[in-house]
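Shown next: final02.pdb, containing PDB, C-alpha atoms, pLDDT in the B column.
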ATOM      1  CA  MET A   1     236.849 144.719 127.073  1.00 46.00           C
ATOM      2  CA  ASN A   2     237.772 141.458 128.750  1.00 53.00           C
ATOM      3  CA  ALA A   3     235.114 138.857 129.334  1.00 53.00           C
ATOM      4  CA  THR A   4     233.601 138.804 132.804  1.00 64.00           C
ATOM      5  CA  PRO A   5     234.259 135.908 135.220  1.00 58.00           C
ATOM      6  CA  LYS A   6     230.631 134.826 134.846  1.00 58.00           C
ATOM      7  CA  LYS A   7     231.059 134.614 131.083  1.00 61.00           C
ATOM      8  CA  HIS A   8     234.184 132.500 131.508  1.00 56.00           C
ATOM      9  CA  GLN A   9     232.321 130.205 133.918  1.00 55.00           C
ATOM     10  CA  ALA A  10     229.404 129.865 131.500  1.00 57.00           C
ATOM     11  CA  GLU A  11     231.748 129.031 128.626  1.00 61.00           C
ATOM     12  CA  ALA A  12     233.611 126.475 130.751  1.00 57.00           C
ATOM     13  CA  ALA A  13     230.339 124.862 131.840  1.00 59.00           C
ATOM     14  CA  ALA A  14     229.122 124.647 128.241  1.00 65.00           C
ATOM     15  CA  GLN A  15     232.398 123.094 127.136  1.00 71.00           C
ATOM     16  CA  SER A  16     232.289 120.571 129.970  1.00 73.00           C
ATOM     17  CA  LYS A  17     228.734 119.591 129.079  1.00 78.00           C
ATOM     18  CA  GLU A  18     229.675 119.187 125.426  1.00 85.00           C
ATOM     19  CA  SER A  19     232.660 117.012 126.321  1.00 84.00           C
ATOM     20  CA  GLN A  20     230.594 114.836 128.631  1.00 83.00           C
ATOM     21  CA  LEU A  21     227.870 114.229 126.063  1.00 88.00           C
ATOM     22  CA  THR A  22     230.432 113.532 123.340  1.00 90.00           C
ATOM     23  CA  LEU A  23     232.136 110.982 125.579  1.00 87.00           C
ATOM     24  CA  GLU A  24     228.823 109.294 126.386  1.00 88.00           C
ATOM     25  CA  LEU A  25     227.992 109.079 122.692  1.00 91.00           C
ATOM     26  CA  LEU A  26     231.364 107.547 121.805  1.00 91.00           C
ATOM     27  CA  GLN A  27     231.085 105.068 124.692  1.00 87.00           C
ATOM     28  CA  ALA A  28     227.558 104.053 123.652  1.00 88.00           C
ATOM     29  CA  ILE A  29     228.596 103.411 120.054  1.00 90.00           C
ATOM     30  CA  GLU A  30     231.695 101.488 121.107  1.00 87.00           C
ATOM     31  CA  SER A  31     229.551  99.157 123.217  1.00 85.00           C
ATOM     32  CA  ARG A  32     226.836  98.647 120.567  1.00 84.00           C
ATOM     33  CA  ASP A  33     227.360  99.428 116.897  1.00 79.00           C
ATOM     34  CA  ASP A  34     223.707  98.803 115.935  1.00 83.00           C
ATOM     35  CA  ILE A  35     222.283 101.236 118.483  1.00 86.00           C
ATOM     36  CA  SER A  36     219.397 103.337 117.198  1.00 86.00           C
ATOM     37  CA  GLN A  37     219.425 107.096 117.513  1.00 88.00           C
ATOM     38  CA  ARG A  38     216.455 106.931 119.883  1.00 88.00           C
ATOM     39  CA  HIS A  39     218.250 104.524 122.202  1.00 88.00           C
ATOM     40  CA  LEU A  40     221.369 106.634 121.872  1.00 88.00           C
ATOM     41  CA  ALA A  41     219.404 109.688 123.020  1.00 87.00           C
ATOM     42  CA  GLN A  42     217.996 107.759 125.956  1.00 85.00           C
ATOM     43  CA  GLN A  43     221.437 106.567 126.982  1.00 81.00           C
ATOM     44  CA  MET A  44     222.815 110.103 126.765  1.00 82.00           C
ATOM     45  CA  GLY A  45     219.808 111.495 128.614  1.00 81.00           C
ATOM     46  CA  VAL A  46     219.018 114.125 125.977  1.00 84.00           C
ATOM     47  CA  ALA A  47     216.359 114.818 123.356  1.00 88.00           C
ATOM     48  CA  LEU A  48     216.505 112.907 120.075  1.00 89.00           C
ATOM     49  CA  GLY A  49     217.311 116.026 118.080  1.00 90.00           C
ATOM     50  CA  LEU A  50     220.261 116.890 120.305  1.00 90.00           C
ATOM     51  CA  ALA A  51     221.635 113.346 120.105  1.00 90.00           C
ATOM     52  CA  ASN A  52     221.361 113.506 116.310  1.00 91.00           C
ATOM     53  CA  SER A  53     223.223 116.810 116.305  1.00 92.00           C
ATOM     54  CA  TYR A  54     226.092 115.349 118.354  1.00 92.00           C
ATOM     55  CA  LEU A  55     226.166 112.261 116.146  1.00 93.00           C
ATOM     56  CA  LYS A  56     226.469 114.357 112.969  1.00 93.00           C
ATOM     57  CA  ARG A  57     229.189 116.447 114.583  1.00 93.00           C
ATOM     58  CA  CYS A  58     231.213 113.348 115.479  1.00 93.00           C
ATOM     59  CA  VAL A  59     230.802 111.973 111.951  1.00 94.00           C
ATOM     60  CA  LYS A  60     231.964 115.277 110.475  1.00 93.00           C
ATOM     61  CA  LYS A  61     235.028 115.275 112.722  1.00 93.00           C
ATOM     62  CA  GLY A  62     235.914 111.772 111.567  1.00 94.00           C
ATOM     63  CA  TRP A  63     235.348 110.091 114.924  1.00 95.00           C
ATOM     64  CA  ILE A  64     232.440 107.921 113.797  1.00 94.00           C
ATOM     65  CA  LYS A  65     231.835 106.012 110.560  1.00 93.00           C
ATOM     66  CA  VAL A  66     228.289 105.203 109.430  1.00 91.00           C
ATOM     67  CA  SER A  67     227.284 102.265 107.226  1.00 88.00           C
ATOM     68  CA  SER A  68     223.796 101.375 106.025  1.00 83.00           C
ATOM     69  CA  ALA A  69     222.026  98.085 106.700  1.00 76.00           C
ATOM     70  CA  PRO A  70     218.763  96.479 105.558  1.00 76.00           C
ATOM     71  CA  ALA A  71     215.400  97.793 106.771  1.00 70.00           C
ATOM     72  CA  ASN A  72     216.604 101.402 106.869  1.00 73.00           C
ATOM     73  CA  ARG A  73     219.024 100.650 109.673  1.00 81.00           C
ATOM     74  CA  TYR A  74     222.493 102.016 110.271  1.00 85.00           C
ATOM     75  CA  PHE A  75     225.620 100.770 111.957  1.00 89.00           C
ATOM     76  CA  TYR A  76     228.008 103.136 113.714  1.00 91.00           C
ATOM     77  CA  TYR A  77     231.697 102.472 114.261  1.00 91.00           C
ATOM     78  CA  LEU A  78     234.435 104.384 116.037  1.00 93.00           C
ATOM     79  CA  THR A  79     237.308 105.297 113.760  1.00 92.00           C
ATOM     80  CA  PRO A  80     240.911 105.266 115.022  1.00 93.00           C
ATOM     81  CA  ASN A  81     240.538 108.991 115.596  1.00 93.00           C
ATOM     82  CA  GLY A  82     237.304 108.279 117.446  1.00 91.00           C
ATOM     83  CA  PHE A  83     239.044 105.857 119.801  1.00 91.00           C
ATOM     84  CA  ALA A  84     241.772 108.435 120.388  1.00 92.00           C
ATOM     85  CA  GLU A  85     239.208 111.144 121.166  1.00 90.00           C
ATOM     86  CA  LYS A  86     237.342 108.837 123.537  1.00 90.00           C
ATOM     87  CA  ALA A  87     240.590 108.090 125.378  1.00 89.00           C
ATOM     88  CA  ARG A  88     241.376 111.806 125.629  1.00 87.00           C
ATOM     89  CA  LEU A  89     237.916 112.673 126.943  1.00 86.00           C
ATOM     90  CA  THR A  90     238.013 109.776 129.411  1.00 82.00           C
ATOM     91  CA  ALA A  91     241.323 110.960 130.836  1.00 79.00           C
ATOM     92  CA  ALA A  92     239.978 114.510 131.113  1.00 78.00           C
ATOM     93  CA  PHE A  93     236.813 113.221 132.788  1.00 74.00           C
ATOM     94  CA  PHE A  94     238.727 111.329 135.467  1.00 68.00           C
ATOM     95  CA  SER A  95     240.942 114.340 136.102  1.00 69.00           C
ATOM     96  CA  THR A  96     237.917 116.604 136.476  1.00 70.00           C
ATOM     97  CA  SER A  97     236.061 114.035 138.579  1.00 71.00           C
ATOM     98  CA  PHE A  98     238.945 113.780 141.029  1.00 77.00           C
ATOM     99  CA  ALA A  99     238.940 117.539 141.547  1.00 77.00           C
ATOM    100  CA  LEU A 100     235.138 117.555 141.787  1.00 78.00           C
ATOM    101  CA  PHE A 101     234.975 114.859 144.445  1.00 82.00           C
ATOM    102  CA  ARG A 102     237.760 116.474 146.445  1.00 85.00           C
ATOM    103  CA  GLN A 103     235.834 119.755 146.388  1.00 84.00           C
ATOM    104  CA  ALA A 104     232.648 117.903 147.364  1.00 86.00           C
ATOM    105  CA  GLY A 105     234.387 116.299 150.326  1.00 88.00           C
ATOM    106  CA  ASP A 106     235.608 119.684 151.541  1.00 90.00           C
ATOM    107  CA  GLU A 107     232.187 121.329 151.168  1.00 90.00           C
ATOM    108  CA  TYR A 108     230.264 118.534 152.902  1.00 92.00           C
ATOM    109  CA  THR A 109     232.823 118.412 155.712  1.00 92.00           C
ATOM    110  CA  LEU A 110     232.420 122.131 156.370  1.00 91.00           C
ATOM    111  CA  LEU A 111     228.629 122.215 156.095  1.00 90.00           C
ATOM    112  CA  LEU A 112     227.982 119.107 158.176  1.00 92.00           C
ATOM    113  CA  GLN A 113     230.468 120.055 160.872  1.00 89.00           C
ATOM    114  CA  GLN A 114     228.731 123.422 161.195  1.00 88.00           C
ATOM    115  CA  LEU A 115     225.424 121.611 161.662  1.00 88.00           C
ATOM    116  CA  ALA A 116     226.907 119.304 164.275  1.00 88.00           C
ATOM    117  CA  GLU A 117     228.375 122.220 166.237  1.00 85.00           C
ATOM    118  CA  HIS A 118     225.094 124.092 166.564  1.00 77.00           C
ATOM    119  CA  GLN A 119     222.603 121.249 166.852  1.00 75.00           C
ATOM    120  CA  ASN A 120     222.199 117.524 166.325  1.00 79.00           C
ATOM    121  CA  PRO A 121     219.739 117.386 163.429  1.00 88.00           C
ATOM    122  CA  ARG A 122     218.251 114.357 161.761  1.00 90.00           C
ATOM    123  CA  LEU A 123     219.134 114.478 158.078  1.00 94.00           C
ATOM    124  CA  VAL A 124     217.507 113.434 154.834  1.00 94.00           C
ATOM    125  CA  PHE A 125     219.739 113.402 151.777  1.00 95.00           C
ATOM    126  CA  VAL A 126     218.093 114.577 148.548  1.00 93.00           C
ATOM    127  CA  GLY A 127     219.436 112.880 145.445  1.00 90.00           C
ATOM    128  CA  LEU A 128     221.228 109.571 144.902  1.00 89.00           C
ATOM    129  CA  SER A 129     224.564 110.017 143.137  1.00 85.00           C
ATOM    130  CA  ASP A 130     228.286 109.532 143.514  1.00 82.00           C
ATOM    131  CA  LEU A 131     228.237 112.484 145.913  1.00 88.00           C
ATOM    132  CA  THR A 132     225.882 110.657 148.271  1.00 91.00           C
ATOM    133  CA  GLU A 133     228.613 108.262 149.378  1.00 90.00           C
ATOM    134  CA  ILE A 134     230.935 111.185 150.105  1.00 90.00           C
ATOM    135  CA  ALA A 135     228.234 112.984 152.096  1.00 92.00           C
ATOM    136  CA  LEU A 136     227.388 109.825 154.057  1.00 93.00           C
ATOM    137  CA  LEU A 137     231.007 109.431 155.067  1.00 92.00           C
ATOM    138  CA  ARG A 138     231.237 113.072 156.156  1.00 92.00           C
ATOM    139  CA  ALA A 139     227.981 112.766 158.110  1.00 92.00           C
ATOM    140  CA  LEU A 140     229.362 109.694 159.899  1.00 91.00           C
ATOM    141  CA  GLN A 141     232.531 111.595 160.779  1.00 90.00           C
ATOM    142  CA  ALA A 142     230.392 114.433 162.177  1.00 90.00           C
ATOM    143  CA  ASN A 143     228.232 111.965 164.192  1.00 91.00           C
ATOM    144  CA  LEU A 144     225.084 113.022 162.358  1.00 92.00           C
ATOM    145  CA  SER A 145     222.163 110.693 161.652  1.00 91.00           C
ATOM    146  CA  VAL A 146     220.901 110.216 158.084  1.00 94.00           C
ATOM    147  CA  ILE A 147     217.430 108.664 158.237  1.00 93.00           C
ATOM    148  CA  SER A 148     216.895 108.195 154.492  1.00 94.00           C
ATOM    149  CA  ILE A 149     217.824 109.280 150.964  1.00 95.00           C
ATOM    150  CA  TYR A 150     215.060 110.836 148.872  1.00 93.00           C
ATOM    151  CA  GLN A 151     215.354 109.913 145.194  1.00 90.00           C
ATOM    152  CA  PRO A 152     212.299 109.924 142.890  1.00 87.00           C
ATOM    153  CA  ASN A 153     211.979 106.621 141.046  1.00 82.00           C
ATOM    154  CA  ALA A 154     214.914 105.151 142.946  1.00 79.00           C
ATOM    155  CA  SER A 155     216.141 101.858 141.483  1.00 78.00           C
ATOM    156  CA  ARG A 156     217.406 100.523 144.809  1.00 84.00           C
ATOM    157  CA  GLU A 157     215.946 100.166 148.294  1.00 89.00           C
ATOM    158  CA  GLU A 158     219.031 101.172 150.245  1.00 89.00           C
ATOM    159  CA  PHE A 159     222.421 102.767 149.799  1.00 90.00           C
ATOM    160  CA  PHE A 160     225.245 101.810 152.167  1.00 88.00           C
ATOM    161  CA  GLY A 161     222.715 100.821 154.803  1.00 90.00           C
ATOM    162  CA  VAL A 162     220.517 103.917 154.466  1.00 92.00           C
ATOM    163  CA  SER A 163     217.028 103.424 153.013  1.00 92.00           C
ATOM    164  CA  THR A 164     216.094 105.169 149.767  1.00 93.00           C
ATOM    165  CA  VAL A 165     212.557 106.554 149.438  1.00 92.00           C
ATOM    166  CA  ASP A 166     210.391 107.833 146.576  1.00 88.00           C
ATOM    167  CA  ASN A 167     208.730 110.519 148.693  1.00 86.00           C
ATOM    168  CA  LEU A 168     210.056 112.944 151.254  1.00 86.00           C
ATOM    169  CA  PRO A 169     209.549 111.629 154.799  1.00 87.00           C
ATOM    170  CA  SER A 170     207.072 113.383 157.067  1.00 85.00           C
ATOM    171  CA  LEU A 171     208.336 116.718 158.329  1.00 83.00           C
ATOM    172  CA  ASP A 172     208.337 115.449 161.916  1.00 86.00           C
ATOM    173  CA  GLU A 173     210.787 112.680 160.995  1.00 89.00           C
ATOM    174  CA  PHE A 174     213.751 114.882 160.046  1.00 91.00           C
ATOM    175  CA  ASP A 175     215.154 118.360 160.579  1.00 90.00           C
ATOM    176  CA  VAL A 176     217.345 119.203 157.576  1.00 92.00           C
ATOM    177  CA  ALA A 177     217.339 118.166 153.915  1.00 94.00           C
ATOM    178  CA  VAL A 178     220.884 117.991 152.537  1.00 94.00           C
ATOM    179  CA  PHE A 179     221.252 117.920 148.759  1.00 94.00           C
ATOM    180  CA  THR A 180     223.491 115.233 147.298  1.00 92.00           C
ATOM    181  CA  SER A 181     222.128 115.215 143.737  1.00 87.00           C
ATOM    182  CA  MET A 182     224.204 115.558 140.587  1.00 80.00           C
ATOM    183  CA  GLU A 183     221.267 115.604 138.168  1.00 75.00           C
ATOM    184  CA  GLN A 184     218.150 117.796 138.028  1.00 76.00           C
ATOM    185  CA  THR A 185     219.136 119.622 141.188  1.00 80.00           C
ATOM    186  CA  THR A 186     217.005 122.658 140.352  1.00 81.00           C
ATOM    187  CA  ILE A 187     213.868 120.516 139.938  1.00 83.00           C
ATOM    188  CA  LEU A 188     214.433 118.729 143.237  1.00 86.00           C
ATOM    189  CA  LEU A 189     215.189 122.025 144.949  1.00 88.00           C
ATOM    190  CA  GLU A 190     211.909 123.552 143.748  1.00 89.00           C
ATOM    191  CA  GLU A 191     210.050 120.513 145.064  1.00 88.00           C
ATOM    192  CA  VAL A 192     211.697 120.588 148.477  1.00 90.00           C
ATOM    193  CA  GLU A 193     211.357 124.366 148.810  1.00 91.00           C
ATOM    194  CA  ALA A 194     207.620 123.961 148.351  1.00 90.00           C
ATOM    195  CA  VAL A 195     207.325 122.002 151.605  1.00 88.00           C
ATOM    196  CA  LEU A 196     210.327 123.055 153.716  1.00 90.00           C
ATOM    197  CA  PRO A 197     211.534 126.418 155.032  1.00 90.00           C
ATOM    198  CA  SER A 198     214.857 127.603 153.657  1.00 88.00           C
ATOM    199  CA  SER A 199     216.433 127.150 157.083  1.00 87.00           C
ATOM    200  CA  SER A 200     215.865 123.387 156.763  1.00 90.00           C
ATOM    201  CA  ILE A 201     217.479 123.053 153.313  1.00 92.00           C
ATOM    202  CA  LEU A 202     221.214 122.699 152.830  1.00 90.00           C
ATOM    203  CA  VAL A 203     222.652 122.881 149.297  1.00 90.00           C
ATOM    204  CA  PRO A 204     226.428 122.841 148.764  1.00 88.00           C
ATOM    205  CA  PRO A 205     227.286 125.724 146.400  1.00 82.00           C
ATOM    206  CA  MET A 206     228.954 123.411 143.894  1.00 80.00           C
ATOM    207  CA  LEU A 207     225.670 121.611 143.163  1.00 79.00           C
ATOM    208  CA  LEU A 208     223.993 124.735 141.847  1.00 70.00           C
ATOM    209  CA  LYS A 209     226.751 125.048 139.236  1.00 65.00           C
ATOM    210  CA  MET A 210     226.084 121.589 137.797  1.00 60.00           C
ATOM    211  CA  LYS A 211     223.998 122.026 134.648  1.00 49.00           C
ATOM    212  CA  PHE A 212     224.186 118.472 133.294  1.00 44.00           C
ATOM    213  CA  ARG A 213     220.859 116.708 132.947  1.00 43.00           C
ATOM    214  CA  GLU A 214     218.657 119.709 133.599  1.00 44.00           C
ATOM    215  CA  PRO A 215     215.013 119.329 132.541  1.00 39.00           C
ATOM    216  CA  GLU A 216     214.914 120.924 129.076  1.00 38.00           C
ATOM    217  CA  PRO A 217     216.984 118.337 127.141  1.00 37.00           C
ATOM    218  CA  LEU A 218     215.110 115.376 128.639  1.00 34.00           C
ATOM    219  CA  PHE A 219     211.975 115.754 126.543  1.00 36.00           C
ATOM    220  CA  GLU A 220     210.979 115.805 122.912  1.00 39.00           C
ATOM    221  CA  GLN A 221     209.079 118.776 121.525  1.00 38.00           C
ATOM    222  CA  GLY A 222     205.587 118.936 123.017  1.00 40.00           C
ATOM    223  CA  GLN A 223     206.763 117.327 126.264  1.00 38.00           C
ATOM    224  CA  GLU A 224     207.970 120.415 128.043  1.00 35.00           C
ATOM    225  CA  LYS A 225     206.379 119.649 131.407  1.00 38.00           C
ATOM    226  CA  SER A 226     208.963 119.255 134.088  1.00 40.00           C
ATOM    227  CA  LEU A 227     209.342 116.149 136.184  1.00 36.00           C
ATOM    228  CA  LEU A 228     208.021 118.138 139.129  1.00 40.00           C
ATOM    229  CA  GLU A 229     204.785 118.946 137.285  1.00 46.00           C
ATOM    230  CA  LYS A 230     204.369 115.313 136.309  1.00 43.00           C
ATOM    231  CA  ARG A 231     204.858 114.117 139.885  1.00 40.00           C
ATOM    232  CA  THR A 232     202.399 116.748 141.150  1.00 44.00           C
ATOM    233  CA  LYS A 233     199.773 115.689 138.604  1.00 48.00           C
ATOM    234  CA  ALA A 234     200.280 112.007 139.418  1.00 45.00           C
ATOM    235  CA  SER A 235     199.779 112.626 143.122  1.00 43.00           C
TER
END

Whole structure, structure tokens version:
Amino acid sequence: MNATPKKHQAEAAAQSKESQLTLELLQAIESRDDISQRHLAQQMGVALGLANSYLKRCVKKGWIKVSSAPANRYFYYLTPNGFAEKARLTAAFFSTSFALFRQAGDEYTLLLQQLAEHQNPRLVFVGLSDLTEIALLRALQANLSVISIYQPNASREEFFGVSTVDNLPSLDEFDVAVFTSMEQTTILLEEVEAVLPSSSILVPPMLLKMKFREPEPLFEQGQEKSLLEKRTKAS
């Protein structure tokens, strides 16, 4: 019996995630040959064990060469085959990114135009990513007002003239939360759903299919608490 469409989608998503993490590993080693596995894991945004697994896989495939150094240290180098694989993955990434951003533009255009036709809501964007710029442009074209961008632990105070905030604004300050996140969307969605009715939350369908950087790989064993739980405990 043929595989179901959902199975094909799951396999494609897994392959895309694997390619992305492999590319990030190769890029990290190219930029710093004395990088430790812990720093490599942090740069990839995954657990130490998973980073080690990807590193061993790349060594086995002949993409990375390892040499020992004093004080139990190791140096990592890209082999010619490793440079070739990095170039291939980079080209594939840009091709996929172009299609992704085009799809994002279409989805935000449709969703925001529908909002503008039925009401004139004040918007808060949830998540700071490459998609945020696309959504801001589409909101401007639809004459909609974006009062702020909610991003936990934001590293900047504003984004293209719109303020970024660490906490959701008061409910009387905005009408609709529009998701523009590319990482940890499910965590942010759970947090927003806890304080907003579903009618005030807008999530483009494509975001729910993005499984990169979900909570499980971000922690070592014994650190399974989600970011949402940590924020709740801190507050």

May I have the residues within 8 Å of A:Ile147 as a compact mmCIF listing (two decimals) with C-alpha atoms, keeping the file's coordinate frame, using only C-alpha atoms and disregarding those fewer than 5 positions away in the same chain?
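Full text of result.txt as output:
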# COMPACT_ATOMS: atom_id res chain seq x y z
CA ARG A 122 218.25 114.36 161.76
CA LEU A 123 219.13 114.48 158.08
CA VAL A 124 217.51 113.43 154.83
CA VAL A 162 220.52 103.92 154.47
CA SER A 163 217.03 103.42 153.01
CA PHE A 174 213.75 114.88 160.05

inquiry  = What's around A:Leu50 at 8 Å? Count all atoms listed in the file, leave out sequence neighbours fewer than 3 positions away in its own chain, and write the answer as a list in words.
reply    =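 Contacts, with the query itself left out: Ala41, Val46, Ala47, Ser53, Tyr54 and Pro217 of chain A.
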
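The residue that comes closest to A:Val203, out of A:Ser181, A:Asn120, A:Gln20, A:Asn52 and on the basis of all atoms listed in the file, is A:Ser181.
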
A straight line from atom CA of A:Pro204 to atom CA of A:Pro152 spans 20.0 Å

If the PyMOL selection byres ((chain A and resi 34-36) around 9) is run on the structure shown, which residues does it catch, given as a PDB file with C-alpha atoms, in the frame of the given file?
ATOM      1  CA  ALA A  28     227.558 104.053 123.652  1.00 88.00           C
ATOM      2  CA  ILE A  29     228.596 103.411 120.054  1.00 90.00           C
ATOM      3  CA  SER A  31     229.551  99.157 123.217  1.00 85.00           C
ATOM      4  CA  ARG A  32     226.836  98.647 120.567  1.00 84.00           C
ATOM      5  CA  ASP A  33     227.360  99.428 116.897  1.00 79.00           C
ATOM      6  CA  GLN A  37     219.425 107.096 117.513  1.00 88.00           C
ATOM      7  CA  ARG A  38     216.455 106.931 119.883  1.00 88.00           C
ATOM      8  CA  HIS A  39     218.250 104.524 122.202  1.00 88.00           C
ATOM      9  CA  LEU A  40     221.369 106.634 121.872  1.00 88.00           C
ATOM     10  CA  ALA A  41     219.404 109.688 123.020  1.00 87.00           C
ATOM     11  CA  ARG A  73     219.024 100.650 109.673  1.00 81.00           C
ATOM     12  CA  TYR A  74     222.493 102.016 110.271  1.00 85.00           C
ATOM     13  CA  PHE A  75     225.620 100.770 111.957  1.00 89.00           C
ATOM     14  CA  TYR A  76     228.008 103.136 113.714  1.00 91.00           C
ATOM     15  CA  TYR A  77     231.697 102.472 114.261  1.00 91.00           C
TER      16      TYR A  77
END

### Task
Name the residues captured by the PyMOL selection byres ((chain A and resi 95-112) around 7) when it is applied to the shown file; answer as a PyMOL selection string.
chain A and resi 91-94+113-116+134-135+138-139+142+204

Report the distance between atom CA of A:Glu30 and atom CA of A:Asn72 in Å, rounded to one decimal place.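 That distance, rounded to one decimal, is 20.7 Å.
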
Using all atoms listed in the file, the shortest atom-to-atom distance to A:Gly161 among A:Val66, A:Gln15, A:Val176, A:Glu133 belongs to A:Glu133

Determine the axis-aligned bounding box of all atoms of stretch 169-174 of chain A present in the file, pad each side by 8 Å, and express its centre and edge lengths in Å to one decimal place as lines of an AutoDock Vina configuration file.
center_x = 210.4
center_y = 114.2
center_z = 158.4
size_x = 22.7
size_y = 21.1
size_z = 23.1

Atom CA of A:Pro205 to atom CA of A:Phe179 measures 10.1 Å

List every residue of stretch 73-132 of chain A that has an atom at most 6 Å from any atom of stretch 59-64 of chain A, giving for each one its closest atom pair and the distance in Å to one decimal, counting all atoms listed in the file, sorted by chain and then by ascending residue number, as a Markdown table.
| residue | atom | partner | partner_atom | distance |
| --- | --- | --- | --- | --- |
| A:Tyr77 | CA | A:Ile64 | CA | 5.5 |
| A:Leu78 | CA | A:Ile64 | CA | 4.6 |
| A:Thr79 | CA | A:Trp63 | CA | 5.3 |
| A:Asn81 | CA | A:Trp63 | CA | 5.3 |
| A:Gly82 | CA | A:Trp63 | CA | 3.7 |

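Proximity ranking of A:Asn143, A:Ser170, A:Gln42, A:Thr132 relative to A:Glu117 places A:Asn143 first, based on all atoms listed in the file.
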
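Among A:Lys86, A:His118, A:Arg156, A:Arg57, the residue with the shortest atom-to-atom distance to A:Gln27, counting all atoms listed in the file, is A:Lys86.
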